[in-house]
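Each remark here refers to the structure printed beneath this line.
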Amino acid sequence: SLELAQEYDVTTIAFPAISTGVYGYPIEAATNIAVATVVRHLAQQGGKIVVTFCCFSDRDLAVYRQALAQGAPEDRP
């Protein structure tokens with residue numbers, strides 16, 4: 001999605017926490033994957049896309065905020 005956004009000069013994009021609801025994928029794992037992927041892509045491509053993460057619940061929002069505050073998972077101690 002990020003590659004297509006860049007190819008078509010999209011300046012903003014939003015991603016939901018896919019499969020973390022009824023399908024039961026752990027929100028922490030999904031968040032780590034999403035944050036790491038976006039951070040890595042933006043770092044490699046110059047970071048010219050504004051990314052919004054859409055959260056269903058306050059808990060999901062807290063998990064995303066924590067992950068974003070800590071940086072990409074591979075950058076953590």
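All residue names refer to the structure tokens as shown: chains lettered A, B, ... in order, residues numbered from 1 in each chain, ligands numbered from 1 in order.
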| said: Would you pick out the contacts of range 23-34 of chain A at 10 Å or less, using only C-alpha atoms, so that residues sharing its chain but fewer than 5 positions from it are not included, and give the list as a list in words? | reply: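 Listing them by chain and then by number gives Phe15, Pro16, Ala17, Ile18, Val39, Arg40, Phe53, Arg59, Asp60, Leu61, Val63, Tyr64, Arg65, Gln66, Ala67, Leu68, Gly71, Ala72, Pro73 and Glu74 of chain A.
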| request: Enumerate as a list of chain:residue names all residues of chain A assigned to strand (DSSP E or B) by DSSP on the backbone, naming them with the chain letters and numbers the document uses. | output: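 Filtering chain A down to strand (DSSP E or B) leaves A:Thr12, A:Ile13, A:Ala14, A:Phe15, A:Pro16, A:Val50, A:Val51, A:Thr52, A:Phe53, A:Cys54.
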Can you write just those residues out, N, CA, C and O atoms, as a PDB file, in the first residue's frame?
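File written: out_17.pdb
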ATOM      1  N   THR A  12      -1.388  11.221   1.925  1.00  0.00           N
ATOM      2  CA  THR A  12      -1.905  10.702   3.195  1.00  0.00           C
ATOM      3  C   THR A  12      -2.502   9.320   2.959  1.00  0.00           C
ATOM      4  O   THR A  12      -3.049   9.032   1.893  1.00  0.00           O
ATOM      5  N   ILE A  13      -2.393   8.472   3.982  1.00  0.00           N
ATOM      6  CA  ILE A  13      -2.949   7.124   3.902  1.00  0.00           C
ATOM      7  C   ILE A  13      -3.324   6.686   5.317  1.00  0.00           C
ATOM      8  O   ILE A  13      -2.706   7.131   6.289  1.00  0.00           O
ATOM      9  N   ALA A  14      -4.339   5.847   5.433  1.00  0.00           N
ATOM     10  CA  ALA A  14      -4.771   5.353   6.742  1.00  0.00           C
ATOM     11  C   ALA A  14      -4.796   3.829   6.728  1.00  0.00           C
ATOM     12  O   ALA A  14      -5.153   3.213   5.723  1.00  0.00           O
ATOM     13  N   PHE A  15      -4.385   3.247   7.846  1.00  0.00           N
ATOM     14  CA  PHE A  15      -4.391   1.794   8.004  1.00  0.00           C
ATOM     15  C   PHE A  15      -5.177   1.414   9.253  1.00  0.00           C
ATOM     16  O   PHE A  15      -4.903   1.920  10.337  1.00  0.00           O
ATOM     17  N   PRO A  16      -6.136   0.498   9.130  1.00  0.00           N
ATOM     18  CA  PRO A  16      -6.825  -0.013  10.313  1.00  0.00           C
ATOM     19  C   PRO A  16      -6.010  -1.134  10.952  1.00  0.00           C
ATOM     20  O   PRO A  16      -5.112  -1.684  10.317  1.00  0.00           O
ATOM     21  N   VAL A  50       1.929  11.061   5.010  1.00  0.00           N
ATOM     22  CA  VAL A  50       1.382  11.137   6.366  1.00  0.00           C
ATOM     23  C   VAL A  50       0.535   9.885   6.574  1.00  0.00           C
ATOM     24  O   VAL A  50      -0.396   9.627   5.811  1.00  0.00           O
ATOM     25  N   VAL A  51       0.863   9.117   7.612  1.00  0.00           N
ATOM     26  CA  VAL A  51       0.171   7.853   7.879  1.00  0.00           C
ATOM     27  C   VAL A  51      -0.692   7.996   9.124  1.00  0.00           C
ATOM     28  O   VAL A  51      -0.235   8.485  10.160  1.00  0.00           O
ATOM     29  N   THR A  52      -1.938   7.555   9.012  1.00  0.00           N
ATOM     30  CA  THR A  52      -2.860   7.515  10.139  1.00  0.00           C
ATOM     31  C   THR A  52      -3.164   6.059  10.455  1.00  0.00           C
ATOM     32  O   THR A  52      -3.497   5.287   9.557  1.00  0.00           O
ATOM     33  N   PHE A  53      -3.022   5.686  11.718  1.00  0.00           N
ATOM     34  CA  PHE A  53      -3.418   4.350  12.159  1.00  0.00           C
ATOM     35  C   PHE A  53      -4.811   4.473  12.780  1.00  0.00           C
ATOM     36  O   PHE A  53      -5.008   5.250  13.716  1.00  0.00           O
ATOM     37  N   CYS A  54      -5.778   3.731  12.263  1.00  0.00           N
ATOM     38  CA  CYS A  54      -7.160   3.775  12.748  1.00  0.00           C
ATOM     39  C   CYS A  54      -7.349   2.710  13.822  1.00  0.00           C
ATOM     40  O   CYS A  54      -7.118   1.531  13.574  1.00  0.00           O
TER      41      CYS A  54
END
| message | Quick check for you: according to DSSP on this backbone, which residues of chain A are classed as alpha helix (DSSP H)? Reply as a VMD selection string. | response | chain A and resid 2 to 7 27 to 45 58 to 70
Mind writing the picked residues with N, CA, C and O atoms as a short mmCIF file (atom, residue, chain, number, x, y, z; two decimals), in the first residue's frame?
data_model
loop_
_atom_site.label_atom_id
_atom_site.label_comp_id
_atom_site.auth_asym_id
_atom_site.auth_seq_id
_atom_site.Cartn_x
_atom_site.Cartn_y
_atom_site.Cartn_z
N LEU A 2 1.92 1.24 0.80
CA LEU A 2 2.79 2.41 0.86
C LEU A 2 3.53 2.62 -0.46
O LEU A 2 3.72 3.75 -0.90
N GLU A 3 3.93 1.54 -1.10
CA GLU A 3 4.59 1.66 -2.40
C GLU A 3 3.64 2.23 -3.44
O GLU A 3 4.02 3.09 -4.24
N LEU A 4 2.40 1.77 -3.45
CA LEU A 4 1.41 2.31 -4.39
C LEU A 4 1.10 3.77 -4.09
O LEU A 4 0.95 4.58 -4.99
N ALA A 5 1.01 4.10 -2.82
CA ALA A 5 0.76 5.49 -2.44
C ALA A 5 1.87 6.39 -2.96
O ALA A 5 1.61 7.46 -3.52
N GLN A 6 3.10 5.93 -2.83
CA GLN A 6 4.22 6.71 -3.33
C GLN A 6 4.18 6.80 -4.85
O GLN A 6 4.39 7.87 -5.42
N GLU A 7 3.91 5.68 -5.50
CA GLU A 7 3.86 5.65 -6.96
C GLU A 7 2.83 6.63 -7.51
O GLU A 7 3.04 7.27 -8.54
N ILE A 27 -3.36 -7.56 19.30
CA ILE A 27 -3.16 -6.16 18.95
C ILE A 27 -1.70 -5.75 19.09
O ILE A 27 -1.19 -4.97 18.28
N GLU A 28 -1.00 -6.26 20.09
CA GLU A 28 0.40 -5.90 20.28
C GLU A 28 1.25 -6.35 19.09
O GLU A 28 2.08 -5.59 18.58
N ALA A 29 1.05 -7.56 18.63
CA ALA A 29 1.81 -8.08 17.49
C ALA A 29 1.46 -7.31 16.22
O ALA A 29 2.34 -6.93 15.44
N ALA A 30 0.18 -7.07 16.01
CA ALA A 30 -0.25 -6.33 14.82
C ALA A 30 0.32 -4.92 14.83
O ALA A 30 0.77 -4.41 13.79
N THR A 31 0.32 -4.30 15.98
CA THR A 31 0.84 -2.94 16.11
C THR A 31 2.33 -2.91 15.81
O THR A 31 2.81 -2.04 15.08
N ASN A 32 3.08 -3.85 16.38
CA ASN A 32 4.52 -3.89 16.14
C ASN A 32 4.83 -4.07 14.66
O ASN A 32 5.73 -3.42 14.12
N ILE A 33 4.09 -4.93 13.98
CA ILE A 33 4.29 -5.15 12.55
C ILE A 33 3.97 -3.88 11.77
O ILE A 33 4.74 -3.44 10.91
N ALA A 34 2.84 -3.28 12.07
CA ALA A 34 2.40 -2.08 11.35
C ALA A 34 3.38 -0.92 11.55
O ALA A 34 3.79 -0.28 10.58
N VAL A 35 3.74 -0.66 12.78
CA VAL A 35 4.63 0.46 13.08
C VAL A 35 6.01 0.22 12.45
O VAL A 35 6.56 1.11 11.80
N ALA A 36 6.55 -0.98 12.60
CA ALA A 36 7.87 -1.28 12.03
C ALA A 36 7.86 -1.13 10.52
O ALA A 36 8.78 -0.56 9.93
N THR A 37 6.81 -1.62 9.87
CA THR A 37 6.72 -1.54 8.41
C THR A 37 6.63 -0.10 7.93
O THR A 37 7.34 0.30 7.00
N VAL A 38 5.79 0.68 8.56
CA VAL A 38 5.62 2.08 8.15
C VAL A 38 6.89 2.88 8.43
O VAL A 38 7.36 3.62 7.56
N VAL A 39 7.46 2.73 9.61
CA VAL A 39 8.68 3.47 9.95
C VAL A 39 9.81 3.12 8.99
O VAL A 39 10.50 4.00 8.48
N ARG A 40 9.97 1.84 8.72
CA ARG A 40 11.03 1.40 7.81
C ARG A 40 10.81 1.96 6.41
O ARG A 40 11.73 2.50 5.78
N HIS A 41 9.59 1.89 5.90
CA HIS A 41 9.30 2.39 4.56
C HIS A 41 9.54 3.90 4.47
O HIS A 41 10.17 4.37 3.52
N LEU A 42 9.04 4.63 5.44
CA LEU A 42 9.21 6.08 5.40
C LEU A 42 10.68 6.48 5.50
O LEU A 42 11.12 7.43 4.85
N ALA A 43 11.44 5.75 6.30
CA ALA A 43 12.87 6.04 6.43
C ALA A 43 13.60 5.78 5.11
O ALA A 43 14.46 6.55 4.71
N GLN A 44 13.23 4.71 4.43
CA GLN A 44 13.88 4.34 3.17
C GLN A 44 13.46 5.25 2.03
O GLN A 44 14.24 5.51 1.12
N GLN A 45 12.23 5.73 2.06
CA GLN A 45 11.68 6.49 0.93
C GLN A 45 11.59 7.99 1.18
O GLN A 45 11.00 8.70 0.38
N ASP A 58 -10.16 2.33 22.75
CA ASP A 58 -9.19 3.09 23.53
C ASP A 58 -7.96 2.24 23.84
O ASP A 58 -6.84 2.73 23.85
N ARG A 59 -8.18 0.95 24.09
CA ARG A 59 -7.05 0.04 24.35
C ARG A 59 -6.14 -0.05 23.13
O ARG A 59 -4.92 0.02 23.25
N ASP A 60 -6.73 -0.22 21.94
CA ASP A 60 -5.93 -0.27 20.72
C ASP A 60 -5.13 1.03 20.56
O ASP A 60 -3.95 1.00 20.22
N LEU A 61 -5.78 2.15 20.81
CA LEU A 61 -5.11 3.44 20.70
C LEU A 61 -3.92 3.52 21.66
O LEU A 61 -2.84 3.98 21.29
N ALA A 62 -4.10 3.04 22.88
CA ALA A 62 -3.01 3.06 23.86
C ALA A 62 -1.84 2.20 23.40
O ALA A 62 -0.67 2.59 23.56
N VAL A 63 -2.12 1.05 22.81
CA VAL A 63 -1.06 0.16 22.31
C VAL A 63 -0.31 0.85 21.18
O VAL A 63 0.93 0.83 21.13
N TYR A 64 -1.03 1.47 20.25
CA TYR A 64 -0.37 2.19 19.15
C TYR A 64 0.44 3.38 19.67
O TYR A 64 1.57 3.60 19.22
N ARG A 65 -0.11 4.12 20.59
CA ARG A 65 0.63 5.27 21.13
C ARG A 65 1.92 4.83 21.79
O ARG A 65 2.97 5.46 21.63
N GLN A 66 1.85 3.75 22.54
CA GLN A 66 3.05 3.23 23.21
C GLN A 66 4.09 2.79 22.18
O GLN A 66 5.27 3.11 22.29
N ALA A 67 3.66 2.05 21.17
CA ALA A 67 4.58 1.57 20.14
C ALA A 67 5.22 2.73 19.39
O ALA A 67 6.42 2.74 19.12
N LEU A 68 4.42 3.73 19.05
CA LEU A 68 4.95 4.89 18.31
C LEU A 68 5.92 5.70 19.18
O LEU A 68 6.92 6.21 18.68
N ALA A 69 5.63 5.80 20.47
CA ALA A 69 6.51 6.54 21.37
C ALA A 69 7.85 5.83 21.54
O ALA A 69 8.89 6.47 21.71
N GLN A 70 7.83 4.50 21.45
CA GLN A 70 9.06 3.71 21.62
C GLN A 70 9.85 3.59 20.33
O GLN A 70 11.00 3.16 20.35
#
